[in-house]
>>> print(open('work30.cif').read())   # mmCIF, C-alpha atoms
data_coords
#
loop_
_atom_site.label_atom_id
_atom_site.label_comp_id
_atom_site.auth_asym_id
_atom_site.auth_seq_id
_atom_site.Cartn_x
_atom_site.Cartn_y
_atom_site.Cartn_z
CA MET L 285 32.23 -27.29 24.62
CA ARG L 286 29.82 -26.77 21.71
CA SER L 287 29.80 -23.24 20.33
CA ARG L 288 26.56 -21.26 20.26
CA ALA L 289 26.87 -20.81 16.50
CA ARG L 290 26.46 -24.57 16.02
CA ASN L 291 23.43 -24.84 18.27
CA PRO L 292 20.42 -25.33 15.93
CA SER L 293 17.98 -23.94 18.48
CA PHE L 294 20.08 -20.84 19.01
CA ALA L 295 20.52 -20.36 15.24
CA LEU L 296 16.77 -20.65 14.67
CA ALA L 297 15.98 -18.20 17.45
CA PHE L 298 18.57 -15.77 16.08
CA ALA L 299 17.14 -16.03 12.56
CA LEU L 300 13.63 -15.45 13.83
CA SER L 301 14.75 -12.42 15.80
CA LEU L 302 16.32 -10.96 12.64
CA ALA L 303 13.15 -11.66 10.65
CA GLY L 304 11.07 -10.01 13.35
CA CYS L 305 13.20 -6.87 13.04
CA ALA L 306 13.14 -6.73 9.24
CA PRO L 307 12.28 -3.17 8.21
CA THR L 308 8.80 -2.41 6.96
CA ILE L 309 8.12 -0.62 3.67
CA ASN L 310 5.89 2.25 4.77
CA LEU L 311 3.38 3.74 2.33
CA LEU L 312 3.33 7.39 3.38
CA ASN L 313 1.44 8.86 0.45
CA PRO L 314 -1.84 10.13 2.03
CA THR L 315 -3.88 9.32 -1.08
CA SER L 316 -2.55 5.95 -2.18
CA PRO L 317 -2.57 3.02 -2.52
CA ARG L 318 -6.37 3.17 -2.47
CA PHE L 319 -8.75 0.28 -3.04
CA GLU L 320 -12.52 0.51 -3.19
CA GLY L 321 -15.50 -1.47 -4.39
CA GLY L 322 -19.26 -1.61 -4.21
CA TYR L 323 -21.19 -4.82 -3.62
CA ALA L 324 -24.07 -3.55 -1.48
CA GLN L 325 -27.48 -4.47 -2.81
CA LEU L 326 -29.32 -1.22 -3.41
CA ALA L 327 -32.70 -2.93 -3.57
CA ALA L 328 -32.26 -4.15 0.01
CA ARG L 329 -32.00 -0.65 1.44
CA PRO L 330 -35.05 0.63 3.33
CA THR L 331 -37.01 3.46 1.73
CA GLY L 332 -38.13 5.16 4.94
CA SER L 333 -37.12 8.65 6.07
CA GLY L 334 -34.17 7.45 8.08
CA THR L 335 -32.65 4.98 10.47
CA THR L 336 -31.95 5.56 14.14
CA ARG L 337 -29.90 2.49 15.03
CA VAL L 338 -26.42 1.81 13.70
CA LYS L 339 -24.66 -1.55 14.15
CA VAL L 340 -20.84 -1.30 14.18
CA VAL L 341 -18.47 -4.29 14.09
CA SER L 342 -14.68 -4.47 14.48
CA PHE L 343 -12.48 -7.48 13.74
CA ASN L 344 -8.69 -7.87 13.58
CA ILE L 345 -8.16 -10.72 11.12
CA LYS L 346 -4.57 -11.65 11.90
CA LEU L 347 -2.43 -10.75 8.85
CA ALA L 348 -5.43 -11.51 6.60
CA ASP L 349 -4.31 -15.14 6.53
CA LYS L 350 -7.65 -16.92 7.00
CA ILE L 351 -10.25 -14.99 5.05
CA GLY L 352 -12.61 -17.94 4.48
CA PRO L 353 -13.08 -18.68 8.19
CA ALA L 354 -13.27 -14.93 8.89
CA ILE L 355 -16.18 -14.60 6.47
CA GLU L 356 -17.99 -17.38 8.34
CA VAL L 357 -17.41 -15.53 11.62
CA LEU L 358 -18.73 -12.27 10.15
CA GLN L 359 -21.86 -14.14 9.07
CA ASP L 360 -22.57 -15.01 12.72
CA ASP L 361 -26.03 -13.97 13.89
CA ALA L 362 -24.53 -11.31 16.18
CA LEU L 363 -22.64 -9.66 13.30
CA ARG L 364 -24.55 -10.30 10.09
CA ASP L 365 -26.68 -7.11 10.24
CA ALA L 366 -23.75 -4.70 10.59
CA ASP L 367 -24.08 -1.27 9.04
CA VAL L 368 -20.34 -0.64 9.28
CA ILE L 369 -17.36 -2.98 9.76
CA SER L 370 -13.82 -1.97 10.70
CA LEU L 371 -11.20 -4.57 9.74
CA GLN L 372 -7.53 -4.56 10.71
CA GLU L 373 -4.38 -6.30 9.40
CA MET L 374 -5.91 -6.58 5.95
CA ASP L 375 -4.60 -6.81 2.41
CA GLU L 376 -6.53 -5.75 -0.69
CA THR L 377 -7.59 -9.22 -1.81
CA GLY L 378 -8.90 -10.14 1.64
CA VAL L 379 -10.95 -6.95 1.90
CA GLU L 380 -12.45 -7.49 -1.54
CA ARG L 381 -13.33 -11.13 -0.78
CA ILE L 382 -15.12 -10.20 2.42
CA ALA L 383 -16.99 -7.28 0.84
CA ARG L 384 -18.13 -9.46 -2.05
CA ALA L 385 -19.23 -12.31 0.24
CA LEU L 386 -21.17 -10.00 2.57
CA ASN L 387 -22.55 -7.70 -0.15
CA LEU L 388 -20.88 -4.58 1.23
CA ASN L 389 -19.15 -1.48 -0.09
CA TYR L 390 -15.56 -0.94 1.01
CA ILE L 391 -12.62 1.43 1.14
CA TYR L 392 -9.10 0.34 2.00
CA TYR L 393 -5.84 2.26 2.43
CA PRO L 394 -2.83 0.09 3.35
CA GLY L 395 -0.18 1.82 5.42
CA ALA L 396 2.69 -0.58 4.78
CA ILE L 397 3.96 -3.70 3.07
CA HIS L 398 4.28 -6.20 5.88
CA PRO L 399 7.81 -7.67 6.13
CA THR L 400 6.74 -11.21 7.01
CA ARG L 401 4.01 -11.49 4.36
CA ASP L 402 5.32 -9.18 1.61
CA ARG L 403 1.84 -7.81 0.98
CA TYR L 404 -0.26 -4.81 1.90
CA PHE L 405 -1.13 -4.29 5.55
CA GLY L 406 -3.65 -1.86 7.03
CA PRO L 407 -7.23 -1.14 8.15
CA ALA L 408 -10.38 -1.13 6.02
CA ILE L 409 -13.98 0.08 6.28
CA LEU L 410 -16.93 -1.88 4.90
CA SER L 411 -20.53 -0.68 4.87
CA ARG L 412 -23.92 -1.62 3.50
CA TRP L 413 -24.47 2.12 2.91
CA PRO L 414 -22.72 4.35 0.35
CA ILE L 415 -19.23 5.57 1.20
CA THR L 416 -19.15 9.20 0.07
CA ASP L 417 -15.56 10.19 0.78
CA SER L 418 -12.45 8.74 2.37
CA ARG L 419 -8.90 9.50 3.39
CA LYS L 420 -5.75 7.92 4.83
CA LEU L 421 -4.35 9.31 8.07
CA ILE L 422 -0.65 8.68 8.70
CA LEU L 423 0.06 8.24 12.40
CA PRO L 424 3.16 9.47 14.22
CA HIS L 425 5.88 7.40 15.94
CA GLU L 426 7.81 4.90 13.91
CA ALA L 427 8.12 1.61 15.79
CA TRP L 428 11.57 0.39 16.69
CA GLY L 429 12.86 -2.74 14.97
CA ARG L 430 10.60 -2.98 11.93
CA LYS L 431 10.32 0.84 11.72
CA GLN L 432 6.64 0.56 10.89
CA ARG L 433 4.32 3.57 10.68
CA ARG L 434 0.65 2.93 11.42
CA ASN L 435 -2.24 4.43 9.48
CA VAL L 436 -5.99 4.92 9.82
CA THR L 437 -8.62 4.51 7.12
CA ALA L 438 -11.28 7.19 7.45
CA ALA L 439 -14.57 7.51 5.55
CA THR L 440 -17.96 9.19 5.61
CA VAL L 441 -20.89 6.79 5.30
CA ALA L 442 -24.23 8.06 3.97
CA LEU L 443 -26.91 6.62 6.24
CA PRO L 444 -30.57 7.09 5.32
CA GLY L 445 -31.34 10.65 6.43
CA SER L 446 -28.01 11.09 8.16
CA CYS L 447 -24.25 10.48 7.92
CA LEU L 448 -21.48 8.85 9.90
CA ARG L 449 -17.75 9.55 10.03
CA VAL L 450 -15.93 6.25 10.57
CA TYR L 451 -12.31 5.56 11.51
CA ALA L 452 -10.78 2.07 11.22
CA VAL L 453 -7.88 2.12 13.68
CA HIS L 454 -4.93 -0.10 14.56
CA LEU L 455 -2.58 1.62 17.02
CA GLU L 456 0.98 0.56 17.74
CA THR L 457 1.65 -2.38 20.06
CA GLN L 458 2.46 -2.20 23.76
CA LEU L 459 6.07 -3.24 23.18
CA LYS L 460 6.75 -0.63 20.50
CA ALA L 461 4.91 2.45 21.74
CA SER L 462 4.25 4.08 25.09
CA PRO L 463 0.76 5.02 26.30
CA ARG L 464 1.58 8.65 25.54
CA GLN L 465 2.61 7.76 21.99
CA ARG L 466 -0.67 5.91 21.41
CA GLU L 467 -2.47 9.01 22.65
CA ASP L 468 -0.49 11.01 20.09
CA GLN L 469 -1.69 8.58 17.43
CA ILE L 470 -5.34 8.88 18.44
CA ASP L 471 -4.98 12.69 18.55
CA VAL L 472 -4.50 12.59 14.76
CA VAL L 473 -7.90 10.92 14.50
CA LEU L 474 -9.51 13.40 16.89
CA ARG L 475 -8.24 16.38 14.91
CA ASP L 476 -9.72 14.95 11.73
CA ALA L 477 -12.99 14.06 13.48
CA ALA L 478 -13.31 17.66 14.66
CA THR L 479 -13.86 18.70 11.02
CA SER L 480 -17.03 16.56 10.69
CA THR L 481 -20.60 17.50 11.57
CA CYS L 482 -21.61 13.82 11.40
CA PRO L 483 -21.67 11.47 14.39
CA VAL L 484 -18.28 9.78 14.74
CA VAL L 485 -17.28 6.15 15.30
CA ILE L 486 -13.69 5.06 16.03
CA ALA L 487 -13.35 1.28 15.93
CA GLY L 488 -10.47 -1.14 15.87
CA ASP L 489 -7.51 -2.66 17.67
CA PHE L 490 -6.05 -0.06 20.06
CA ASN L 491 -3.46 -2.37 21.62
CA SER L 492 -4.64 -0.84 24.89
CA LYS L 493 -7.67 -0.63 27.11
CA GLY L 494 -6.42 2.43 28.94
CA ILE L 495 -6.84 4.53 25.79
CA GLY L 496 -10.56 4.29 26.49
CA ARG L 497 -10.28 6.69 29.43
CA TYR L 498 -8.44 9.13 27.20
CA LEU L 499 -11.21 9.03 24.59
CA GLU L 500 -13.89 9.35 27.24
CA GLY L 501 -12.13 12.52 28.35
CA LYS L 502 -12.49 13.79 24.78
CA GLY L 503 -16.27 13.32 24.83
CA PHE L 504 -16.60 9.82 23.37
CA ALA L 505 -18.90 7.10 24.67
CA TRP L 506 -17.34 3.65 25.20
CA PRO L 507 -20.04 1.01 24.63
CA THR L 508 -17.57 -1.89 24.49
CA GLU L 509 -15.84 -1.09 27.78
CA HIS L 510 -17.11 -4.27 29.45
CA VAL L 511 -16.94 -6.80 26.60
CA GLY L 512 -14.00 -8.53 28.29
CA ARG L 513 -10.97 -10.18 26.74
CA THR L 514 -10.65 -9.87 22.97
CA ILE L 515 -7.15 -11.35 22.56
CA THR L 516 -5.60 -13.81 25.04
CA VAL L 517 -5.97 -12.04 28.42
CA PHE L 518 -6.29 -8.51 27.02
CA SER L 519 -9.20 -6.24 26.08
CA TRP L 520 -7.70 -4.26 23.20
CA ASP L 521 -10.47 -4.17 20.57
CA HIS L 522 -13.05 -1.44 21.09
CA ILE L 523 -15.64 0.89 19.60
CA PHE L 524 -15.99 4.55 20.60
CA ALA L 525 -18.75 6.90 19.52
CA ARG L 526 -19.57 10.61 19.58
CA GLY L 527 -22.83 12.23 18.52
CA PHE L 528 -24.97 9.41 19.88
CA PRO L 529 -26.90 9.59 23.16
CA LEU L 530 -24.49 8.76 25.98
CA SER L 531 -26.47 5.90 27.44
CA ASP L 532 -25.30 2.95 29.50
CA SER L 533 -28.05 0.92 27.85
CA ALA L 534 -26.26 0.83 24.47
CA ALA L 535 -25.95 -2.81 23.44
CA ALA L 536 -22.47 -4.25 22.82
CA GLY L 537 -20.74 -7.61 22.84
CA LYS L 538 -18.26 -9.97 21.22
CA VAL L 539 -18.28 -13.26 19.34
CA ARG L 540 -16.36 -15.82 21.37
CA GLN L 541 -15.86 -18.58 18.80
CA VAL L 542 -13.71 -17.57 15.83
CA HIS L 543 -12.83 -21.12 14.65
CA GLY L 544 -9.18 -20.29 14.01
CA ALA L 545 -9.90 -17.22 11.86
CA SER L 546 -7.79 -14.95 14.07
CA ASP L 547 -6.19 -14.51 17.47
CA HIS L 548 -8.73 -11.70 18.10
CA ARG L 549 -12.45 -11.93 18.78
CA PRO L 550 -14.74 -9.57 16.84
CA ILE L 551 -16.77 -7.02 18.79
CA TRP L 552 -19.95 -5.13 18.01
CA ALA L 553 -21.98 -2.18 19.29
CA SER L 554 -25.52 -1.11 18.46
CA LEU L 555 -25.80 2.68 18.66
CA MET L 556 -28.88 4.90 18.56
CA LEU L 557 -28.65 8.09 16.52
CA ALA L 558 -29.91 11.21 18.23
CA GLU L 559 -33.20 12.34 16.65
CA PRO L 560 -32.14 16.01 16.40
CA HIS L 561 -29.26 15.02 14.14
CA ILE L 562 -31.56 12.99 11.89
CA ARG L 563 -33.99 15.92 11.54
CA THR L 564 -31.11 18.26 10.70
CA ALA L 565 -29.75 15.89 8.08
CA LEU L 566 -33.16 15.45 6.47
CA SER L 567 -33.65 19.21 6.23
CA ARG L 568 -30.46 19.80 4.22
#
>>> encode(input="work30.cif", output="structure tokens")
Amino acid sequence: MRSRARNPSFALAFALSLAGCAPTINLLNPTSPRFEGGYAQLAARPTGSGTTRVKVVSFNIKLADKIGPAIEVLQDDALRDADVISLQEMDETGVERIARALNLNYIYYPGAIHPTRDRYFGPAILSRWPITDSRKLILPHEAWGRKQRRNVTAATVALPGSCLRVYAVHLETQLKASPRQREDQIDVVLRDAATSTCPVVIAGDFNSKGIGRYLEGKGFAWPTEHVGRTITVFSWDHIFARGFPLSDSAAAGKVRQVHGASDHRPIWASLMLAEPHIRTALSR
């Protein structure tokens, strides 16, 4: 009888399982590493008193492996006019390449060094408007196996005549965190958002659709609720907003063809700023 140790298939599966459980190097300093850049074209910005519509895009680019195809996807007609983009599973070179190609400003705080890629891993925010401040939020609940801690990149974006607090989010996976633990993670974002007088957008990969009900209970609109599947059979990528009119007519959607750029489909939402907030911002 052949021993299991000599079975090549078993040996490969065992090796892969060990690699999958390799510990992550977490980057728990709340201020670093920090990467930023500015490629937005100032001359292209409108000179009017303000803007009332904000286009938000979110895209999980799997392990930042295929940046070239991802740039082509982000240049799709449905996404090309984004005011703000939340990216997940990024490294610093991928974020910079995308920002340069799309003429956007960016801020990026990695939360870990990924064990299978040996490079930075975390969410980033890109915008065609100035980014006036930023921070890294360290989320609770270390995942079993790789012992990874998730993080959020947060920033304030200076819109014409207004402002926007943006959170690029990637919560823990279904297999490594309970629904209650993901709620704990989003509570960190909500506590930070409570300190802002700007409208708030939380966008990213939540590894859950049920978290949407939790955020609705906290006063957030959910424009992407009905975009459908964003990865295999799941709807895990979403955009939530507070400080915008809660209207069912808010436009939202996804790009179906990603041409191998990722296992996720990017989503978008077009949000209308409330006029009272614009008048208040202009009067400051």
>>> residues_around(input="work30.cif", residues="Pro307 (chain L)", least_positions_apart="3", cutoff="7 Å", atoms="all atoms listed in the file", output="ChimeraX atom specification")
/L:399,429-431
>>> write_last_selection(input="work30.cif", atoms="C-alpha atoms", output="PDB file, keeping the file's coordinate frame")
ATOM      1  CA  PRO L 399       7.810  -7.670   6.130  1.00  0.00           C
ATOM      2  CA  GLY L 429      12.860  -2.740  14.970  1.00  0.00           C
ATOM      3  CA  ARG L 430      10.600  -2.980  11.930  1.00  0.00           C
ATOM      4  CA  LYS L 431      10.320   0.840  11.720  1.00  0.00           C
TER       5      LYS L 431
END
>>> resolve_selection(input="work30.cif", expression="the PyMOL selection byres ((chain L and resi 394) around 7)", output="list in words")
Pro317, Tyr392, Tyr393, Gly395, Ala396, Tyr404, Phe405, Gly406 and Pro407 of chain L
>>> residues_around(input="work30.cif", residues="Thr377 (chain L)", least_positions_apart="4", cutoff="12 Å", atoms="only C-alpha atoms", output="list in words")
Phe319, Glu320, Gly321, Leu347, Ala348, Asp349, Lys350, Ile351, Gly352, Arg381, Ile382, Ala383, Arg384, Tyr390, Tyr392, Pro394, Arg403, Tyr404, Phe405 and Ala408 of chain L
>>> residues_around(input="work30.cif", residues="Ala442 (chain L)", least_positions_apart="4", cutoff="10 Å", atoms="all atoms listed in the file", output="number ranges by chain")
L: 411-417, 446-449, 482
>>> write_last_selection(input="work30.cif", atoms="C-alpha atoms", output="JSON list (two decimals), in the coordinates of the input")
[["chain", "number", "residue", "atom", "x", "y", "z"],
["L", 411, "SER", "CA", -20.53, -0.68, 4.87],
["L", 412, "ARG", "CA", -23.92, -1.62, 3.50],
["L", 413, "TRP", "CA", -24.47, 2.12, 2.91],
["L", 414, "PRO", "CA", -22.72, 4.35, 0.35],
["L", 415, "ILE", "CA", -19.23, 5.57, 1.20],
["L", 416, "THR", "CA", -19.15, 9.20, 0.07],
["L", 417, "ASP", "CA", -15.56, 10.19, 0.78],
["L", 446, "SER", "CA", -28.01, 11.09, 8.16],
["L", 447, "CYS", "CA", -24.25, 10.48, 7.92],
["L", 448, "LEU", "CA", -21.48, 8.85, 9.90],
["L", 449, "ARG", "CA", -17.75, 9.55, 10.03],
["L", 482, "CYS", "CA", -21.61, 13.82, 11.40]]
>>> residues_around(input="work30.cif", residues="Thr437 (chain L)", least_positions_apart="6", cutoff="10 Å", atoms="all atoms listed in the file", output="list in words")
Arg318, Ser370, Leu371, Gln372, Ile391, Tyr392, Tyr393, Pro394, Gly395, Gly406, Pro407, Ala408, Ile409, Ser418, Arg419, Lys420, Leu421, Ile422, Val450, Tyr451, Ala452, Val453, His454 and Val473 of chain L
>>> residues_around(input="work30.cif", residues="Trp428 (chain L)", least_positions_apart="6", cutoff="12 Å", atoms="all atoms listed in the file", output="compact mmCIF listing (two decimals) with C-alpha atoms, in the coordinates of the input")
# COMPACT_ATOMS: atom_id res chain seq x y z
CA GLY L 304 11.07 -10.01 13.35
CA CYS L 305 13.20 -6.87 13.04
CA ALA L 306 13.14 -6.73 9.24
CA PRO L 307 12.28 -3.17 8.21
CA THR L 308 8.80 -2.41 6.96
CA GLU L 456 0.98 0.56 17.74
CA THR L 457 1.65 -2.38 20.06
CA GLN L 458 2.46 -2.20 23.76
CA LEU L 459 6.07 -3.24 23.18
CA LYS L 460 6.75 -0.63 20.50
CA ALA L 461 4.91 2.45 21.74
CA SER L 462 4.25 4.08 25.09
>>> closest_residue(input="work30.cif", among="L:Arg513, L:Arg466, L:Arg526, L:Arg497", to="Ala478 (chain L)", atoms="only C-alpha atoms")
L:Arg526
